[in-house]
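J.: The structure follows.
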Amino acid sequence: MTREGSYHVQSIGSNVEIEIKRLQAQVELFWPNELKHYREFGLSDGMSVVELGAGPGFMIDKIAERFPRCQLTALEVDPLLVEYAKNYLTQKNRQDCRVIQGSIMATGLAENSFDFALIRMVLEHLPDIEGAIREVLRILKPGGKAVFVDNDFEMHIMTYPHIPELRELYDAYCQARSNEGGSPKIGRELPVLLKKGGFSRVDFDVVSAHSDIVGDEMFFRSEGIGIPSKLVTEGYLSSKTLGKISVGWRNMVKNKDHAIIRQIYLAAGEKKR
Ligand SMILES: C[S@@+](CC[C@H](N)C(=O)[O-])C[C@H]1O[C@@H](n2cnc3c(N)ncnc32)[C@H](O)[C@@H]1O
């Protein structure tokens, strides 16, 4: 089973539990705005829906809550996260949601079987993006829709007052993920990749979160120190720069007019009928 690429929950940050909490906060941060786009891109109740690279199951849980008549499948490659997702969804009384271990590269799922596929923050970590898109297209029904959501680390967190050293942090992050076979600036490429992969009616949008709307706490929880600390340990970022970012961040939030924004990129496509 393919486990290559630039995301491994056990090693991307400093601690698995902290990383899982960060993933949860990252779902919460964007969910209200993301939901609007999922509806617009064709998600509706009663559909058969698959999330590929579902991680700990936080997004599929949100979908289950909003679309209770959907038949849901969550596929995840990492056995630790498969177990986590199963437990989490059981606790949330979502026994109907099927959680399976598998790779997006060769899911083992039947051809032409889903109305809607969600692939969120997964493509950016894969060495064979075209192969993954091909597999998503294969398992969609004719007329079925897929939404791919990814980052573009050229345009990650921005703040007012500006913290110039954040650029160094994101450059270090991009270097680390690229060295592992990922594409941390894939956001801008998504529509072209989908068209090349055979999707029709390709659409694209940006979803953003702003601290004045969602609150500072959401950003603190969805960023955290785990990944930056690991970049220092691995030699991608100097501890001096990380220190300056910490000071800059503390000063920034003290400013009564401060602002924190972040955006993620969504591309949707349809399988030809
Ligand atoms: C950044 S996490 C995103 C999790 C979830 N989609 C979310 O938005 O919260 C990336 C996920 O993709 C999974 N992943 C990486 N390579 C994969 C592959 N080849 N097949 C399936 N999942 C994969 C990782 O294990 C991880 O759970």
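Simple scheme: letters A, B, ... for chains in structure tokens order, numbers from 1 for residues in each chain, numbers from 1 for ligands in the order shown.
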Which residues are near ligand 1 - at most 6 Å, using only C-alpha atoms and all ligand atoms? Format: as a PDB file with all heavy atoms, in the first residue's frame.

T.:
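So selection_9.pdb came out as:
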```pdb
ATOM      1  N   THR A   2       0.580   2.199  -0.912  1.00  0.00           N
ATOM      2  CA  THR A   2       1.433   3.379  -1.072  1.00  0.00           C
ATOM      3  C   THR A   2       1.385   4.274   0.169  1.00  0.00           C
ATOM      4  O   THR A   2       0.323   4.717   0.576  1.00  0.00           O
ATOM      5  CB  THR A   2       0.948   4.232  -2.267  1.00  0.00           C
ATOM      6  OG1 THR A   2       0.646   3.351  -3.323  1.00  0.00           O
ATOM      7  CG2 THR A   2       1.988   5.231  -2.694  1.00  0.00           C
ATOM      8  N   ARG A   3       2.542   4.520   0.765  1.00  0.00           N
ATOM      9  CA  ARG A   3       2.558   5.449   1.890  1.00  0.00           C
ATOM     10  C   ARG A   3       3.663   6.473   1.693  1.00  0.00           C
ATOM     11  O   ARG A   3       4.248   6.978   2.627  1.00  0.00           O
ATOM     12  CB  ARG A   3       2.753   4.704   3.216  1.00  0.00           C
ATOM     13  CG  ARG A   3       1.527   3.981   3.657  1.00  0.00           C
ATOM     14  CD  ARG A   3       1.440   3.909   5.150  1.00  0.00           C
ATOM     15  NE  ARG A   3       1.515   5.221   5.755  1.00  0.00           N
ATOM     16  CZ  ARG A   3       1.901   5.431   6.994  1.00  0.00           C
ATOM     17  NH1 ARG A   3       2.273   4.440   7.739  1.00  0.00           N
ATOM     18  NH2 ARG A   3       1.934   6.653   7.490  1.00  0.00           N
ATOM     19  N   TYR A   7       3.194  13.650   3.819  1.00  0.00           N
ATOM     20  CA  TYR A   7       2.418  13.749   5.056  1.00  0.00           C
ATOM     21  C   TYR A   7       2.431  12.432   5.797  1.00  0.00           C
ATOM     22  O   TYR A   7       1.924  11.418   5.301  1.00  0.00           O
ATOM     23  CB  TYR A   7       0.951  14.149   4.805  1.00  0.00           C
ATOM     24  CG  TYR A   7       0.245  14.419   6.111  1.00  0.00           C
ATOM     25  CD1 TYR A   7       0.183  15.701   6.638  1.00  0.00           C
ATOM     26  CD2 TYR A   7      -0.294  13.374   6.865  1.00  0.00           C
ATOM     27  CE1 TYR A   7      -0.402  15.948   7.876  1.00  0.00           C
ATOM     28  CE2 TYR A   7      -0.877  13.604   8.104  1.00  0.00           C
ATOM     29  CZ  TYR A   7      -0.932  14.898   8.587  1.00  0.00           C
ATOM     30  OH  TYR A   7      -1.500  15.136   9.830  1.00  0.00           O
ATOM     31  N   HIS A   8       2.975  12.451   6.996  1.00  0.00           N
ATOM     32  CA  HIS A   8       2.926  11.288   7.878  1.00  0.00           C
ATOM     33  C   HIS A   8       2.590  11.827   9.261  1.00  0.00           C
ATOM     34  O   HIS A   8       3.378  12.598   9.823  1.00  0.00           O
ATOM     35  CB  HIS A   8       4.257  10.529   7.876  1.00  0.00           C
ATOM     36  CG  HIS A   8       4.619  10.061   6.488  1.00  0.00           C
ATOM     37  ND1 HIS A   8       4.013   8.977   5.891  1.00  0.00           N
ATOM     38  CD2 HIS A   8       5.465  10.567   5.576  1.00  0.00           C
ATOM     39  CE1 HIS A   8       4.490   8.827   4.664  1.00  0.00           C
ATOM     40  NE2 HIS A   8       5.366   9.786   4.444  1.00  0.00           N
ATOM     41  N   LEU A  23      -5.323  19.188  12.914  1.00  0.00           N
ATOM     42  CA  LEU A  23      -6.173  18.844  11.758  1.00  0.00           C
ATOM     43  C   LEU A  23      -7.640  19.161  12.062  1.00  0.00           C
ATOM     44  O   LEU A  23      -8.369  19.667  11.200  1.00  0.00           O
ATOM     45  CB  LEU A  23      -6.030  17.357  11.403  1.00  0.00           C
ATOM     46  CG  LEU A  23      -4.692  16.910  10.807  1.00  0.00           C
ATOM     47  CD1 LEU A  23      -4.705  15.400  10.576  1.00  0.00           C
ATOM     48  CD2 LEU A  23      -4.370  17.631   9.500  1.00  0.00           C
ATOM     49  N   VAL A  27     -10.164  21.910  10.142  1.00  0.00           N
ATOM     50  CA  VAL A  27     -11.500  21.658   9.597  1.00  0.00           C
ATOM     51  C   VAL A  27     -12.456  22.739  10.116  1.00  0.00           C
ATOM     52  O   VAL A  27     -13.202  23.366   9.355  1.00  0.00           O
ATOM     53  CB  VAL A  27     -11.995  20.236   9.978  1.00  0.00           C
ATOM     54  CG1 VAL A  27     -13.483  20.073   9.685  1.00  0.00           C
ATOM     55  CG2 VAL A  27     -11.189  19.177   9.224  1.00  0.00           C
ATOM     56  N   LEU A  52     -11.320  10.853   0.298  1.00  0.00           N
ATOM     57  CA  LEU A  52     -10.075  10.091   0.121  1.00  0.00           C
ATOM     58  C   LEU A  52      -8.949  10.819   0.847  1.00  0.00           C
ATOM     59  O   LEU A  52      -8.763  12.031   0.641  1.00  0.00           O
ATOM     60  CB  LEU A  52      -9.772   9.970  -1.374  1.00  0.00           C
ATOM     61  CG  LEU A  52     -10.916   9.305  -2.159  1.00  0.00           C
ATOM     62  CD1 LEU A  52     -10.845   9.627  -3.634  1.00  0.00           C
ATOM     63  CD2 LEU A  52     -10.928   7.815  -1.938  1.00  0.00           C
ATOM     64  N   GLY A  53      -8.251  10.096   1.714  1.00  0.00           N
ATOM     65  CA  GLY A  53      -7.262  10.752   2.588  1.00  0.00           C
ATOM     66  C   GLY A  53      -7.996  11.460   3.708  1.00  0.00           C
ATOM     67  O   GLY A  53      -7.761  12.626   3.992  1.00  0.00           O
ATOM     68  N   ALA A  54      -8.910  10.723   4.341  1.00  0.00           N
ATOM     69  CA  ALA A  54      -9.856  11.330   5.285  1.00  0.00           C
ATOM     70  C   ALA A  54      -9.254  11.627   6.652  1.00  0.00           C
ATOM     71  O   ALA A  54      -9.899  12.263   7.491  1.00  0.00           O
ATOM     72  CB  ALA A  54     -11.065  10.420   5.441  1.00  0.00           C
ATOM     73  N   GLY A  55      -8.027  11.168   6.900  1.00  0.00           N
ATOM     74  CA  GLY A  55      -7.371  11.465   8.172  1.00  0.00           C
ATOM     75  C   GLY A  55      -8.183  10.964   9.351  1.00  0.00           C
ATOM     76  O   GLY A  55      -8.765   9.869   9.307  1.00  0.00           O
ATOM     77  N   MET A  59     -13.732  15.758   8.869  1.00  0.00           N
ATOM     78  CA  MET A  59     -14.501  16.337   7.769  1.00  0.00           C
ATOM     79  C   MET A  59     -15.697  15.459   7.412  1.00  0.00           C
ATOM     80  O   MET A  59     -16.800  15.949   7.197  1.00  0.00           O
ATOM     81  CB  MET A  59     -13.567  16.548   6.565  1.00  0.00           C
ATOM     82  CG  MET A  59     -14.216  17.143   5.361  1.00  0.00           C
ATOM     83  SD  MET A  59     -15.162  18.648   5.686  1.00  0.00           S
ATOM     84  CE  MET A  59     -13.881  19.887   5.723  1.00  0.00           C
ATOM     85  N   GLU A  76      -8.553   6.047   4.074  1.00  0.00           N
ATOM     86  CA  GLU A  76      -7.338   6.648   4.634  1.00  0.00           C
ATOM     87  C   GLU A  76      -6.222   5.598   4.601  1.00  0.00           C
ATOM     88  O   GLU A  76      -6.459   4.429   4.870  1.00  0.00           O
ATOM     89  CB  GLU A  76      -7.645   7.114   6.077  1.00  0.00           C
ATOM     90  CG  GLU A  76      -6.453   7.437   6.943  1.00  0.00           C
ATOM     91  CD  GLU A  76      -5.533   8.509   6.370  1.00  0.00           C
ATOM     92  OE1 GLU A  76      -5.998   9.533   5.866  1.00  0.00           O
ATOM     93  OE2 GLU A  76      -4.301   8.295   6.436  1.00  0.00           O
ATOM     94  N   VAL A  77      -5.019   6.049   4.266  1.00  0.00           N
ATOM     95  CA  VAL A  77      -3.921   5.095   4.099  1.00  0.00           C
ATOM     96  C   VAL A  77      -3.257   4.695   5.428  1.00  0.00           C
ATOM     97  O   VAL A  77      -2.771   3.579   5.572  1.00  0.00           O
ATOM     98  CB  VAL A  77      -2.868   5.661   3.099  1.00  0.00           C
ATOM     99  CG1 VAL A  77      -1.994   6.725   3.742  1.00  0.00           C
ATOM    100  CG2 VAL A  77      -2.027   4.560   2.482  1.00  0.00           C
ATOM    101  N   ASP A  78      -3.257   5.617   6.394  1.00  0.00           N
ATOM    102  CA  ASP A  78      -2.485   5.399   7.626  1.00  0.00           C
ATOM    103  C   ASP A  78      -3.319   4.611   8.646  1.00  0.00           C
ATOM    104  O   ASP A  78      -4.371   5.089   9.083  1.00  0.00           O
ATOM    105  CB  ASP A  78      -2.096   6.777   8.191  1.00  0.00           C
ATOM    106  CG  ASP A  78      -1.137   6.669   9.354  1.00  0.00           C
ATOM    107  OD1 ASP A  78      -1.251   5.714  10.144  1.00  0.00           O
ATOM    108  OD2 ASP A  78      -0.282   7.552   9.486  1.00  0.00           O
ATOM    109  N   SER A 103      -5.161   3.269  -0.241  1.00  0.00           N
ATOM    110  CA  SER A 103      -4.465   4.419  -0.817  1.00  0.00           C
ATOM    111  C   SER A 103      -5.296   5.023  -1.935  1.00  0.00           C
ATOM    112  O   SER A 103      -5.919   4.298  -2.723  1.00  0.00           O
ATOM    113  CB  SER A 103      -3.114   3.983  -1.385  1.00  0.00           C
ATOM    114  OG  SER A 103      -2.549   5.048  -2.116  1.00  0.00           O
ATOM    115  N   ILE A 104      -5.252   6.314  -2.030  1.00  0.00           N
ATOM    116  CA  ILE A 104      -5.939   7.018  -3.119  1.00  0.00           C
ATOM    117  C   ILE A 104      -5.365   6.599  -4.474  1.00  0.00           C
ATOM    118  O   ILE A 104      -6.026   6.721  -5.497  1.00  0.00           O
ATOM    119  CB  ILE A 104      -5.834   8.545  -2.917  1.00  0.00           C
ATOM    120  CG1 ILE A 104      -6.719   9.298  -3.910  1.00  0.00           C
ATOM    121  CG2 ILE A 104      -4.398   9.033  -3.041  1.00  0.00           C
ATOM    122  CD1 ILE A 104      -6.812  10.788  -3.666  1.00  0.00           C
ATOM    123  N   MET A 105      -4.167   6.052  -4.481  1.00  0.00           N
ATOM    124  CA  MET A 105      -3.532   5.675  -5.744  1.00  0.00           C
ATOM    125  C   MET A 105      -4.181   4.428  -6.357  1.00  0.00           C
ATOM    126  O   MET A 105      -4.146   4.237  -7.569  1.00  0.00           O
ATOM    127  CB  MET A 105      -2.028   5.415  -5.548  1.00  0.00           C
ATOM    128  CG  MET A 105      -1.260   6.546  -4.889  1.00  0.00           C
ATOM    129  SD  MET A 105      -1.562   8.160  -5.609  1.00  0.00           S
ATOM    130  CE  MET A 105      -1.115   7.888  -7.296  1.00  0.00           C
ATOM    131  N   ARG A 120      -9.158  16.403   0.359  1.00  0.00           N
ATOM    132  CA  ARG A 120      -8.841  17.661   1.039  1.00  0.00           C
ATOM    133  C   ARG A 120      -7.449  17.613   1.652  1.00  0.00           C
ATOM    134  O   ARG A 120      -7.177  16.805   2.530  1.00  0.00           O
ATOM    135  CB  ARG A 120      -9.893  17.915   2.124  1.00  0.00           C
ATOM    136  CG  ARG A 120      -9.760  19.240   2.835  1.00  0.00           C
ATOM    137  CD  ARG A 120     -10.873  19.382   3.855  1.00  0.00           C
ATOM    138  NE  ARG A 120     -10.939  20.702   4.441  1.00  0.00           N
ATOM    139  CZ  ARG A 120     -10.276  21.055   5.540  1.00  0.00           C
ATOM    140  NH1 ARG A 120      -9.504  20.206   6.159  1.00  0.00           N
ATOM    141  NH2 ARG A 120     -10.400  22.285   6.010  1.00  0.00           N
ATOM    142  N   MET A 121      -6.589  18.470   1.153  1.00  0.00           N
ATOM    143  CA  MET A 121      -5.222  18.601   1.644  1.00  0.00           C
ATOM    144  C   MET A 121      -4.462  17.274   1.548  1.00  0.00           C
ATOM    145  O   MET A 121      -3.740  16.872   2.470  1.00  0.00           O
ATOM    146  CB  MET A 121      -5.209  19.150   3.066  1.00  0.00           C
ATOM    147  CG  MET A 121      -5.858  20.527   3.103  1.00  0.00           C
ATOM    148  SD  MET A 121      -5.757  21.323   4.662  1.00  0.00           S
ATOM    149  CE  MET A 121      -6.849  22.717   4.397  1.00  0.00           C
ATOM    150  N   VAL A 122      -4.668  16.602   0.434  1.00  0.00           N
ATOM    151  CA  VAL A 122      -4.022  15.323   0.177  1.00  0.00           C
ATOM    152  C   VAL A 122      -3.120  15.410  -1.056  1.00  0.00           C
ATOM    153  O   VAL A 122      -1.947  15.039  -0.992  1.00  0.00           O
ATOM    154  CB  VAL A 122      -5.079  14.196  -0.008  1.00  0.00           C
ATOM    155  CG1 VAL A 122      -4.415  12.862  -0.317  1.00  0.00           C
ATOM    156  CG2 VAL A 122      -5.950  14.073   1.235  1.00  0.00           C
TER     157      VAL A 122
END
```

J.: Where does DSSP see helix (DSSP H, G or I) in stretch 54-248 of chain A, if you list the residues as an NGL selection string?

T.: :A and (58-66 or 79-91 or 123-125 or 129-139 or 166-179 or 186-196 or 211-214 or 216-223 or 226-233 or 239-248)

J.: Pick out each residue of stretch 96-217 of chain A that DSSP on the backbone tags as strand (DSSP E or B); I need them as a ChimeraX atom specification.

T.: /A:98-101,103,106,114-120,140-150,158-160,200-210

J.: With distances taken over only C-alpha atoms, which residue among A:Pro79, A:Pro56, A:Gly46, A:Gly248 lies nearest A:Pro164?

T.: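 Looking only at the distances to A:Pro164, the closest residue turns out to be A:Gly248.
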
J.: Which residue is closest to A:Ile18? Choose from A:Lys272, A:Lys230, A:Arg262, A:Arg221 and count only C-alpha atoms.

T.: A:Arg221

J.: I'd like the neighbourhood of A:Leu169 as number ranges by chain, where a residue qualifies if any of its atoms comes within 10 Å (using only C-alpha atoms), though same-chain residues fewer than 6 positions away should be ignored.

T.: A: 153, 175, 227-228, 231-232, 236-238, 241-242, 245

J.: What separation in Å, quoted to one decimal, exists between atom CA of A:Leu35 and atom CA of A:Arg66?

T.: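 Going from atom CA of A:Leu35 over to atom CA of A:Arg66, I get 9.0 Å.
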
J.: With distances taken over only C-alpha atoms, which of A:Gly226, A:Gly269, A:Gly57, A:Gly243 is nearest to A:Leu166?

T.: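 Closest to A:Leu166, using only C-alpha atoms: A:Gly243.
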